[in-house]
Amino acid sequence: MRLGSAEISIVSDGVFRVDGGAVFGVVPKTIWSGLRQPDRKNRVELGLNCMLIRSGGKNVLVDTGIGAKPDRNMRTNYGMRAGKLVENLTQQGVRPEDVDLVILTHLHFDHAGGCTRYGRGGSEPTPVFTSATHLVQRADWEEASATNERTRAAYNPQDFVPLEQSGQLELLDGDTEVLPGLWARRTGGHTAGHQFTLVESEGERAACLGDVLPTPEHLPFNYLTSFDLYPQDTVTAKRQLLEEAERNNWLLVFGHGVEHVAGRLTRNEAGRLTLAPEEIG
Ligand SMILES: [Zn+2]
């Protein structure tokens, strides 16, 4: 769809499944199972939605999904049907080498996995987007590079170390206007350096939210995933982000949305924030 003079679209890498208790954190199953029906392994399906922004002659991709590297065990445990990003991008007329910038909300495997792939014969992974600079918050890079028992399982260094080796990595320090009208905005919360992307063109705005607000079901402030390393920071970031989004009528894109992937905020009869979904293709 057009957003001012920019063109934005959602490009999927596929879907995967995560334990519903982890997806909804402290929210009891009696409540979250009314929103999302779990499978017999208690998992709920999550989208792997990336955003393509075409603006000022540049192709910008926000997040890259899981990609095709996970082994059979990972694919089974997470019910992965992923690795479709390049095919779906190509269908939209953008080849991997046409991507100028990749903005990663954070380096977890379900956001950075599509950055690299194995070469022929299973050799070491190399970057998929061969001409792109990849933008990551420095705090996120540092956290991903020095994992501990709590954080390790969420990362695969093969997703992002090759980007540094090929000179395609650029680290950001806080909020940054990376192109005219295109902002990387640091939220923290989910990870110390988590960021979201805001596009502004001719008075219209769209935000790709990453995991600070992974699905429309996470709109209430206390609906946080168990993966958030700094949950209190997520609550603060969500409050600020949602206030700004409502005031300025942002189009919101949810990285893990399934039934609804995008929409704008509205209020129901009880005055609660809710999503008015929009199809943006
Ligand atoms: Zn995620």
# chains A, B, ... in the order shown; residues from 1 in each chain; ligands from 1
>>> closest_atom_pairs(of="chain A", to="ligand 1", cutoff="12 Å", atoms="only C-alpha atoms and all ligand atoms", output="JSON lines")
{"residue": "A:Val15", "atom": "CA", "partner": "ligand 1", "partner_atom_place_in_ligand_line": "1 (Zn)", "distance": 11.1}
{"residue": "A:Phe16", "atom": "CA", "partner": "ligand 1", "partner_atom_place_in_ligand_line": "1 (Zn)", "distance": 10.2}
{"residue": "A:Arg17", "atom": "CA", "partner": "ligand 1", "partner_atom_place_in_ligand_line": "1 (Zn)", "distance": 11.0}
{"residue": "A:Val18", "atom": "CA", "partner": "ligand 1", "partner_atom_place_in_ligand_line": "1 (Zn)", "distance": 9.9}
{"residue": "A:Ala22", "atom": "CA", "partner": "ligand 1", "partner_atom_place_in_ligand_line": "1 (Zn)", "distance": 11.5}
{"residue": "A:Val23", "atom": "CA", "partner": "ligand 1", "partner_atom_place_in_ligand_line": "1 (Zn)", "distance": 9.6}
{"residue": "A:Glu45", "atom": "CA", "partner": "ligand 1", "partner_atom_place_in_ligand_line": "1 (Zn)", "distance": 11.9}
{"residue": "A:Leu46", "atom": "CA", "partner": "ligand 1", "partner_atom_place_in_ligand_line": "1 (Zn)", "distance": 8.7}
{"residue": "A:Gly47", "atom": "CA", "partner": "ligand 1", "partner_atom_place_in_ligand_line": "1 (Zn)", "distance": 9.2}
{"residue": "A:Leu48", "atom": "CA", "partner": "ligand 1", "partner_atom_place_in_ligand_line": "1 (Zn)", "distance": 8.0}
{"residue": "A:Asn49", "atom": "CA", "partner": "ligand 1", "partner_atom_place_in_ligand_line": "1 (Zn)", "distance": 9.8}
{"residue": "A:Cys50", "atom": "CA", "partner": "ligand 1", "partner_atom_place_in_ligand_line": "1 (Zn)", "distance": 11.1}
{"residue": "A:Asp63", "atom": "CA", "partner": "ligand 1", "partner_atom_place_in_ligand_line": "1 (Zn)", "distance": 9.7}
{"residue": "A:Thr64", "atom": "CA", "partner": "ligand 1", "partner_atom_place_in_ligand_line": "1 (Zn)", "distance": 10.7}
{"residue": "A:Gly65", "atom": "CA", "partner": "ligand 1", "partner_atom_place_in_ligand_line": "1 (Zn)", "distance": 8.4}
{"residue": "A:Ile66", "atom": "CA", "partner": "ligand 1", "partner_atom_place_in_ligand_line": "1 (Zn)", "distance": 9.4}
{"residue": "A:Leu104", "atom": "CA", "partner": "ligand 1", "partner_atom_place_in_ligand_line": "1 (Zn)", "distance": 11.0}
{"residue": "A:Thr105", "atom": "CA", "partner": "ligand 1", "partner_atom_place_in_ligand_line": "1 (Zn)", "distance": 9.1}
{"residue": "A:His106", "atom": "CA", "partner": "ligand 1", "partner_atom_place_in_ligand_line": "1 (Zn)", "distance": 8.5}
{"residue": "A:Leu107", "atom": "CA", "partner": "ligand 1", "partner_atom_place_in_ligand_line": "1 (Zn)", "distance": 9.2}
{"residue": "A:His108", "atom": "CA", "partner": "ligand 1", "partner_atom_place_in_ligand_line": "1 (Zn)", "distance": 6.7}
{"residue": "A:Phe109", "atom": "CA", "partner": "ligand 1", "partner_atom_place_in_ligand_line": "1 (Zn)", "distance": 7.8}
{"residue": "A:Asp110", "atom": "CA", "partner": "ligand 1", "partner_atom_place_in_ligand_line": "1 (Zn)", "distance": 5.3}
{"residue": "A:His111", "atom": "CA", "partner": "ligand 1", "partner_atom_place_in_ligand_line": "1 (Zn)", "distance": 6.1}
{"residue": "A:Ala112", "atom": "CA", "partner": "ligand 1", "partner_atom_place_in_ligand_line": "1 (Zn)", "distance": 9.5}
{"residue": "A:Gly113", "atom": "CA", "partner": "ligand 1", "partner_atom_place_in_ligand_line": "1 (Zn)", "distance": 10.8}
{"residue": "A:Ala154", "atom": "CA", "partner": "ligand 1", "partner_atom_place_in_ligand_line": "1 (Zn)", "distance": 9.2}
{"residue": "A:Tyr155", "atom": "CA", "partner": "ligand 1", "partner_atom_place_in_ligand_line": "1 (Zn)", "distance": 11.0}
{"residue": "A:His190", "atom": "CA", "partner": "ligand 1", "partner_atom_place_in_ligand_line": "1 (Zn)", "distance": 9.2}
{"residue": "A:Thr191", "atom": "CA", "partner": "ligand 1", "partner_atom_place_in_ligand_line": "1 (Zn)", "distance": 10.7}
{"residue": "A:His194", "atom": "CA", "partner": "ligand 1", "partner_atom_place_in_ligand_line": "1 (Zn)", "distance": 10.8}
{"residue": "A:Leu209", "atom": "CA", "partner": "ligand 1", "partner_atom_place_in_ligand_line": "1 (Zn)", "distance": 10.4}
{"residue": "A:Gly210", "atom": "CA", "partner": "ligand 1", "partner_atom_place_in_ligand_line": "1 (Zn)", "distance": 6.8}
{"residue": "A:Asp211", "atom": "CA", "partner": "ligand 1", "partner_atom_place_in_ligand_line": "1 (Zn)", "distance": 5.4}
{"residue": "A:Val212", "atom": "CA", "partner": "ligand 1", "partner_atom_place_in_ligand_line": "1 (Zn)", "distance": 9.1}
{"residue": "A:Leu213", "atom": "CA", "partner": "ligand 1", "partner_atom_place_in_ligand_line": "1 (Zn)", "distance": 9.6}
{"residue": "A:Pro214", "atom": "CA", "partner": "ligand 1", "partner_atom_place_in_ligand_line": "1 (Zn)", "distance": 6.9}
{"residue": "A:Thr215", "atom": "CA", "partner": "ligand 1", "partner_atom_place_in_ligand_line": "1 (Zn)", "distance": 10.0}
{"residue": "A:Leu224", "atom": "CA", "partner": "ligand 1", "partner_atom_place_in_ligand_line": "1 (Zn)", "distance": 11.9}
{"residue": "A:Thr225", "atom": "CA", "partner": "ligand 1", "partner_atom_place_in_ligand_line": "1 (Zn)", "distance": 9.5}
{"residue": "A:Ser226", "atom": "CA", "partner": "ligand 1", "partner_atom_place_in_ligand_line": "1 (Zn)", "distance": 11.3}
{"residue": "A:Phe227", "atom": "CA", "partner": "ligand 1", "partner_atom_place_in_ligand_line": "1 (Zn)", "distance": 8.9}
{"residue": "A:Asp228", "atom": "CA", "partner": "ligand 1", "partner_atom_place_in_ligand_line": "1 (Zn)", "distance": 10.1}
{"residue": "A:Phe254", "atom": "CA", "partner": "ligand 1", "partner_atom_place_in_ligand_line": "1 (Zn)", "distance": 10.2}
{"residue": "A:Gly255", "atom": "CA", "partner": "ligand 1", "partner_atom_place_in_ligand_line": "1 (Zn)", "distance": 7.3}
{"residue": "A:His256", "atom": "CA", "partner": "ligand 1", "partner_atom_place_in_ligand_line": "1 (Zn)", "distance": 6.8}
{"residue": "A:Gly257", "atom": "CA", "partner": "ligand 1", "partner_atom_place_in_ligand_line": "1 (Zn)", "distance": 10.5}
>>> write_last_selection(atoms="C-alpha atoms", output="mmCIF file, in the first residue's frame")
data_model
loop_
_atom_site.group_PDB
_atom_site.id
_atom_site.type_symbol
_atom_site.label_atom_id
_atom_site.label_comp_id
_atom_site.auth_asym_id
_atom_site.auth_seq_id
_atom_site.Cartn_x
_atom_site.Cartn_y
_atom_site.Cartn_z
ATOM 1 C CA VAL A 15 4.872 -19.356 10.650
ATOM 2 C CA PHE A 16 6.065 -21.211 13.746
ATOM 3 C CA ARG A 17 4.655 -22.352 17.070
ATOM 4 C CA VAL A 18 5.630 -21.371 20.595
ATOM 5 C CA ALA A 22 5.604 -18.317 27.165
ATOM 6 C CA VAL A 23 3.832 -16.164 24.579
ATOM 7 C CA GLU A 45 0.930 -20.267 15.990
ATOM 8 C CA LEU A 46 2.888 -17.074 15.376
ATOM 9 C CA GLY A 47 3.453 -15.278 12.084
ATOM 10 C CA LEU A 48 6.919 -14.327 10.847
ATOM 11 C CA ASN A 49 5.938 -11.019 9.288
ATOM 12 C CA CYS A 50 8.621 -8.764 7.857
ATOM 13 C CA ASP A 63 13.387 -8.248 10.171
ATOM 14 C CA THR A 64 14.066 -11.445 8.261
ATOM 15 C CA GLY A 65 12.110 -14.231 10.016
ATOM 16 C CA ILE A 66 13.648 -17.627 10.809
ATOM 17 C CA LEU A 104 16.712 -5.860 12.733
ATOM 18 C CA THR A 105 14.407 -5.187 15.676
ATOM 19 C CA HIS A 106 16.692 -7.534 17.645
ATOM 20 C CA LEU A 107 18.866 -10.582 17.025
ATOM 21 C CA HIS A 108 16.637 -13.438 18.269
ATOM 22 C CA PHE A 109 16.573 -16.372 15.838
ATOM 23 C CA ASP A 110 13.017 -15.672 14.707
ATOM 24 C CA HIS A 111 13.959 -12.155 13.537
ATOM 25 C CA ALA A 112 17.565 -12.467 12.349
ATOM 26 C CA GLY A 113 17.501 -16.072 11.059
ATOM 27 C CA ALA A 154 17.056 -17.437 21.708
ATOM 28 C CA TYR A 155 20.144 -16.803 19.574
ATOM 29 C CA HIS A 190 12.262 -7.472 25.196
ATOM 30 C CA THR A 191 16.061 -7.177 24.923
ATOM 31 C CA HIS A 194 15.277 -3.894 21.059
ATOM 32 C CA LEU A 209 6.846 -3.148 16.171
ATOM 33 C CA GLY A 210 9.014 -6.223 16.676
ATOM 34 C CA ASP A 211 8.550 -8.045 19.979
ATOM 35 C CA VAL A 212 7.699 -5.106 22.207
ATOM 36 C CA LEU A 213 4.167 -5.711 20.860
ATOM 37 C CA PRO A 214 4.317 -9.016 18.962
ATOM 38 C CA THR A 215 0.609 -9.566 18.179
ATOM 39 C CA LEU A 224 4.057 -9.610 27.855
ATOM 40 C CA THR A 225 5.958 -12.631 26.624
ATOM 41 C CA SER A 226 8.078 -14.618 29.085
ATOM 42 C CA PHE A 227 11.035 -13.940 26.806
ATOM 43 C CA ASP A 228 11.154 -10.267 27.772
ATOM 44 C CA PHE A 254 2.688 -6.871 14.174
ATOM 45 C CA GLY A 255 5.656 -9.152 13.521
ATOM 46 C CA HIS A 256 4.002 -12.241 15.019
ATOM 47 C CA GLY A 257 0.353 -11.492 14.167
#
>>> residues_around(residues="Lys58 in chain A", least_positions_apart="3", cutoff="8 Å", atoms="only C-alpha atoms", output="PDB file with C-alpha atoms, in the first residue's frame")
ATOM      1  CA  ILE A  53       9.568  -0.304   2.649  1.00  0.00           C
ATOM      2  CA  ARG A  54      10.262   1.199  -0.774  1.00  0.00           C
ATOM      3  CA  SER A  55      11.135   4.846  -0.396  1.00  0.00           C
ATOM      4  CA  VAL A  99      17.734  -4.860  -0.635  1.00  0.00           C
ATOM      5  CA  ASP A 100      19.725  -1.802   0.499  1.00  0.00           C
ATOM      6  CA  LEU A 101      19.041  -1.853   4.237  1.00  0.00           C
TER       7      LEU A 101
END
>>> closest_residue(among="A:Gly25, A:Pro180, A:Gly57, A:Gly79", to="Lys41 in chain A", atoms="only C-alpha atoms")
A:Gly79
>>> residues_around(residues="Leu61 in chain A", least_positions_apart="6", cutoff="6 Å", atoms="only C-alpha atoms", output="NGL selection string")
:A and (51-52 or 102)
>>> write_last_selection(atoms="C-alpha atoms", output="tab-separated table (two decimals), in the first residue's frame")
chain	number	residue	atom	x	y	z
A	51	MET	CA	8.00	-5.30	6.41
A	52	LEU	CA	9.28	-4.07	3.06
A	102	VAL	CA	17.95	-4.52	6.70
>>> closest_residue(among="A:Val136, A:Leu198, A:Leu163, A:Leu182", to="Glu244 in chain A", atoms="only C-alpha atoms")
A:Leu198
>>> select_by_dssp(residues="range 151-265 of chain A", states="strand (DSSP E)", output="VMD selection string")
chain A and resid 169 to 172 176 to 179 182 to 186 195 to 201 204 to 208 251 to 253 262 to 265
>>> atom_distance(atom1="CA of Arg152 in chain A", atom2="CA of Glu124 in chain A")
20.4 Å
>>> residues_around(residues="range 232-238 of chain A", least_positions_apart="5", cutoff="6 Å", atoms="only C-alpha atoms", output="CSV table (one decimal) with all heavy atoms, in the first residue's frame")
chain,number,residue,atom,x,y,z
A,187,THR,N,13.5,0.7,22.1
A,187,THR,CA,12.5,0.5,23.1
A,187,THR,C,13.1,-0.2,24.4
A,187,THR,O,12.6,0.0,25.5
A,187,THR,CB,11.4,-0.3,22.7
A,187,THR,OG1,11.8,-1.6,22.4
A,187,THR,CG2,10.7,0.2,21.5
A,189,GLY,N,13.4,-3.4,26.8
A,189,GLY,CA,12.3,-4.3,27.2
A,189,GLY,C,12.5,-5.7,26.9
A,189,GLY,O,13.0,-6.5,27.7
A,221,PHE,N,-1.4,-3.7,28.6
A,221,PHE,CA,0.0,-3.4,29.0
A,221,PHE,C,0.6,-4.6,29.8
A,221,PHE,O,1.8,-4.8,29.8
A,221,PHE,CB,0.0,-2.2,30.0
A,221,PHE,CG,-0.3,-0.9,29.3
A,221,PHE,CD1,-1.3,-0.1,29.7
A,221,PHE,CD2,0.4,-0.6,28.1
A,221,PHE,CE1,-1.6,1.1,29.1
A,221,PHE,CE2,0.1,0.6,27.5
A,221,PHE,CZ,-0.9,1.4,27.9
>>> residues_around(residues="Gln37 in chain A", least_positions_apart="6", cutoff="12 Å", atoms="only C-alpha atoms", output="PyMOL selection string")
chain A and resi 17+19-21+29-31+43-46
>>> write_last_selection(atoms="all heavy atoms", output="mmCIF file, in the first residue's frame")
data_model
loop_
_atom_site.group_PDB
_atom_site.id
_atom_site.type_symbol
_atom_site.label_atom_id
_atom_site.label_comp_id
_atom_site.auth_asym_id
_atom_site.auth_seq_id
_atom_site.Cartn_x
_atom_site.Cartn_y
_atom_site.Cartn_z
ATOM 1 N N ARG A 17 5.506 -22.163 15.890
ATOM 2 C CA ARG A 17 4.655 -22.352 17.070
ATOM 3 C C ARG A 17 5.476 -22.281 18.351
ATOM 4 O O ARG A 17 6.558 -22.861 18.431
ATOM 5 C CB ARG A 17 3.958 -23.720 16.999
ATOM 6 C CG ARG A 17 2.856 -23.729 15.967
ATOM 7 C CD ARG A 17 2.356 -25.126 15.663
ATOM 8 N NE ARG A 17 1.336 -25.021 14.634
ATOM 9 C CZ ARG A 17 0.040 -25.225 14.839
ATOM 10 N NH1 ARG A 17 -0.382 -25.608 16.023
ATOM 11 N NH2 ARG A 17 -0.812 -25.055 13.867
ATOM 12 N N ASP A 19 5.145 -22.227 22.825
ATOM 13 C CA ASP A 19 4.307 -22.522 23.974
ATOM 14 C C ASP A 19 3.471 -21.284 24.353
ATOM 15 O O ASP A 19 4.022 -20.192 24.560
ATOM 16 C CB ASP A 19 5.182 -22.945 25.162
ATOM 17 C CG ASP A 19 4.340 -23.353 26.344
ATOM 18 O OD1 ASP A 19 3.989 -24.548 26.416
ATOM 19 O OD2 ASP A 19 4.005 -22.486 27.179
ATOM 20 N N GLY A 20 2.165 -21.488 24.472
ATOM 21 C CA GLY A 20 1.273 -20.357 24.725
ATOM 22 C C GLY A 20 1.549 -19.672 26.059
ATOM 23 O O GLY A 20 1.383 -18.458 26.195
ATOM 24 N N GLY A 21 2.007 -20.448 27.046
ATOM 25 C CA GLY A 21 2.346 -19.862 28.344
ATOM 26 C C GLY A 21 3.494 -18.884 28.225
ATOM 27 O O GLY A 21 3.509 -17.834 28.878
ATOM 28 N N LYS A 29 -3.736 -19.256 31.521
ATOM 29 C CA LYS A 29 -4.200 -19.961 30.328
ATOM 30 C C LYS A 29 -5.718 -19.865 30.167
ATOM 31 O O LYS A 29 -6.226 -19.824 29.048
ATOM 32 C CB LYS A 29 -3.779 -21.427 30.396
ATOM 33 C CG LYS A 29 -4.119 -22.204 29.147
ATOM 34 C CD LYS A 29 -3.563 -23.612 29.190
ATOM 35 C CE LYS A 29 -3.881 -24.337 27.884
ATOM 36 N NZ LYS A 29 -3.387 -25.720 27.913
ATOM 37 N N THR A 30 -6.441 -19.841 31.299
ATOM 38 C CA THR A 30 -7.904 -19.738 31.202
ATOM 39 C C THR A 30 -8.305 -18.476 30.430
ATOM 40 O O THR A 30 -9.359 -18.432 29.824
ATOM 41 C CB THR A 30 -8.550 -19.672 32.607
ATOM 42 O OG1 THR A 30 -7.812 -18.725 33.391
ATOM 43 C CG2 THR A 30 -8.533 -21.018 33.282
ATOM 44 N N ILE A 31 -7.444 -17.470 30.466
ATOM 45 C CA ILE A 31 -7.755 -16.234 29.731
ATOM 46 C C ILE A 31 -7.153 -16.257 28.321
ATOM 47 O O ILE A 31 -7.856 -16.032 27.337
ATOM 48 C CB ILE A 31 -7.274 -15.002 30.517
ATOM 49 C CG1 ILE A 31 -8.065 -14.927 31.833
ATOM 50 C CG2 ILE A 31 -7.465 -13.718 29.700
ATOM 51 C CD1 ILE A 31 -7.709 -13.767 32.714
ATOM 52 N N ARG A 43 0.945 -25.225 22.123
ATOM 53 C CA ARG A 43 1.612 -24.169 21.357
ATOM 54 C C ARG A 43 0.582 -23.324 20.603
ATOM 55 O O ARG A 43 -0.461 -23.822 20.174
ATOM 56 C CB ARG A 43 2.589 -24.771 20.344
ATOM 57 C CG ARG A 43 3.662 -25.646 20.976
ATOM 58 C CD ARG A 43 4.506 -26.340 19.933
ATOM 59 N NE ARG A 43 3.698 -27.112 19.000
ATOM 60 C CZ ARG A 43 4.207 -27.864 18.028
ATOM 61 N NH1 ARG A 43 5.510 -27.936 17.850
ATOM 62 N NH2 ARG A 43 3.408 -28.535 17.219
ATOM 63 N N VAL A 44 0.914 -22.054 20.414
ATOM 64 C CA VAL A 44 0.091 -21.197 19.557
ATOM 65 C C VAL A 44 0.924 -20.796 18.336
ATOM 66 O O VAL A 44 2.154 -20.688 18.416
ATOM 67 C CB VAL A 44 -0.431 -19.933 20.283
ATOM 68 C CG1 VAL A 44 -1.380 -20.310 21.396
ATOM 69 C CG2 VAL A 44 0.702 -19.079 20.812
ATOM 70 N N GLU A 45 0.229 -20.612 17.221
ATOM 71 C CA GLU A 45 0.930 -20.267 15.990
ATOM 72 C C GLU A 45 1.271 -18.775 15.984
ATOM 73 O O GLU A 45 0.464 -17.945 16.404
ATOM 74 C CB GLU A 45 0.050 -20.596 14.788
ATOM 75 C CG GLU A 45 0.790 -20.470 13.475
ATOM 76 C CD GLU A 45 0.081 -21.209 12.357
ATOM 77 O OE1 GLU A 45 -0.878 -20.639 11.794
ATOM 78 O OE2 GLU A 45 0.468 -22.353 12.067
ATOM 79 N N LEU A 46 2.459 -18.472 15.517
ATOM 80 C CA LEU A 46 2.888 -17.074 15.376
ATOM 81 C C LEU A 46 3.330 -16.828 13.942
ATOM 82 O O LEU A 46 3.989 -17.683 13.335
ATOM 83 C CB LEU A 46 4.066 -16.774 16.317
ATOM 84 C CG LEU A 46 3.823 -16.905 17.826
ATOM 85 C CD1 LEU A 46 5.108 -16.639 18.592
ATOM 86 C CD2 LEU A 46 2.722 -15.953 18.285
#
>>> residues_around(residues="Lys69 in chain A", least_positions_apart="4", cutoff="10 Å", atoms="only C-alpha atoms", output="list in words")
Met74, Arg75, Ala82, Gly83, Gly113, Gly114, Thr116, Arg117, Tyr118, Gly122, Pro125, Asn156, Gln158 and Asp159 of chain A
>>> decode(residues="range 90-166 of chain A", atoms="C-alpha atoms", output="mmCIF file, in the first residue's frame")
data_model
loop_
_atom_site.group_PDB
_atom_site.id
_atom_site.type_symbol
_atom_site.label_atom_id
_atom_site.label_comp_id
_atom_site.auth_asym_id
_atom_site.auth_seq_id
_atom_site.Cartn_x
_atom_site.Cartn_y
_atom_site.Cartn_z
ATOM 1 C CA THR A 90 10.936 -11.940 -5.257
ATOM 2 C CA GLN A 91 7.210 -12.219 -5.930
ATOM 3 C CA GLN A 92 6.981 -8.557 -4.967
ATOM 4 C CA GLY A 93 9.698 -7.723 -7.491
ATOM 5 C CA VAL A 94 12.592 -7.406 -5.037
ATOM 6 C CA ARG A 95 15.551 -9.787 -5.367
ATOM 7 C CA PRO A 96 17.770 -10.327 -2.287
ATOM 8 C CA GLU A 97 20.590 -8.306 -3.884
ATOM 9 C CA ASP A 98 18.165 -5.382 -4.393
ATOM 10 C CA VAL A 99 17.734 -4.860 -0.635
ATOM 11 C CA ASP A 100 19.725 -1.802 0.499
ATOM 12 C CA LEU A 101 19.041 -1.853 4.237
ATOM 13 C CA VAL A 102 17.951 -4.519 6.696
ATOM 14 C CA ILE A 103 16.759 -3.174 10.048
ATOM 15 C CA LEU A 104 16.712 -5.860 12.733
ATOM 16 C CA THR A 105 14.407 -5.187 15.676
ATOM 17 C CA HIS A 106 16.692 -7.534 17.645
ATOM 18 C CA LEU A 107 18.866 -10.582 17.025
ATOM 19 C CA HIS A 108 16.637 -13.438 18.269
ATOM 20 C CA PHE A 109 16.573 -16.372 15.838
ATOM 21 C CA ASP A 110 13.017 -15.672 14.707
ATOM 22 C CA HIS A 111 13.959 -12.155 13.537
ATOM 23 C CA ALA A 112 17.565 -12.467 12.349
ATOM 24 C CA GLY A 113 17.501 -16.072 11.059
ATOM 25 C CA GLY A 114 16.777 -15.066 7.477
ATOM 26 C CA CYS A 115 19.897 -12.850 7.280
ATOM 27 C CA THR A 116 22.138 -15.803 6.381
ATOM 28 C CA ARG A 117 21.929 -19.163 4.638
ATOM 29 C CA TYR A 118 24.123 -22.173 4.062
ATOM 30 C CA GLY A 119 26.072 -22.209 0.852
ATOM 31 C CA ARG A 120 26.262 -25.195 -1.461
ATOM 32 C CA GLY A 121 27.387 -28.386 0.310
ATOM 33 C CA GLY A 122 26.456 -27.067 3.755
ATOM 34 C CA SER A 123 29.380 -24.655 4.024
ATOM 35 C CA GLU A 124 29.407 -21.839 6.602
ATOM 36 C CA PRO A 125 26.404 -19.494 6.370
ATOM 37 C CA THR A 126 26.793 -16.317 4.321
ATOM 38 C CA PRO A 127 24.595 -13.203 4.039
ATOM 39 C CA VAL A 128 21.417 -13.527 1.974
ATOM 40 C CA PHE A 129 21.081 -9.797 1.290
ATOM 41 C CA THR A 130 24.480 -9.388 -0.324
ATOM 42 C CA SER A 131 24.302 -5.624 -0.952
ATOM 43 C CA ALA A 132 22.567 -4.630 2.282
ATOM 44 C CA THR A 133 23.804 -2.870 5.383
ATOM 45 C CA HIS A 134 22.234 -4.460 8.471
ATOM 46 C CA LEU A 135 21.272 -2.088 11.282
ATOM 47 C CA VAL A 136 21.237 -3.326 14.874
ATOM 48 C CA GLN A 137 21.317 -1.425 18.159
ATOM 49 C CA ARG A 138 24.760 -1.687 19.760
ATOM 50 C CA ALA A 139 23.144 -2.775 23.065
ATOM 51 C CA ASP A 140 21.394 -5.628 21.268
ATOM 52 C CA TRP A 141 24.578 -6.734 19.524
ATOM 53 C CA GLU A 142 26.446 -6.756 22.831
ATOM 54 C CA GLU A 143 23.725 -8.747 24.576
ATOM 55 C CA ALA A 144 23.580 -11.290 21.739
ATOM 56 C CA SER A 145 27.373 -11.605 21.763
ATOM 57 C CA ALA A 146 27.636 -12.318 25.501
ATOM 58 C CA THR A 147 24.806 -14.718 26.288
ATOM 59 C CA ASN A 148 24.137 -16.551 29.533
ATOM 60 C CA GLU A 149 22.038 -19.529 30.613
ATOM 61 C CA ARG A 150 18.859 -17.415 30.530
ATOM 62 C CA THR A 151 19.328 -15.856 27.095
ATOM 63 C CA ARG A 152 21.350 -18.351 25.030
ATOM 64 C CA ALA A 153 18.565 -20.449 23.487
ATOM 65 C CA ALA A 154 17.056 -17.437 21.708
ATOM 66 C CA TYR A 155 20.144 -16.803 19.574
ATOM 67 C CA ASN A 156 22.023 -18.511 16.776
ATOM 68 C CA PRO A 157 25.337 -16.676 16.223
ATOM 69 C CA GLN A 158 25.353 -17.977 12.641
ATOM 70 C CA ASP A 159 22.468 -15.581 11.971
ATOM 71 C CA PHE A 160 24.525 -12.469 12.657
ATOM 72 C CA VAL A 161 28.272 -13.120 13.036
ATOM 73 C CA PRO A 162 28.677 -13.505 9.228
ATOM 74 C CA LEU A 163 27.270 -9.960 8.822
ATOM 75 C CA GLU A 164 30.125 -8.560 10.846
ATOM 76 C CA GLN A 165 32.655 -10.684 8.964
ATOM 77 C CA SER A 166 31.427 -9.427 5.578
#
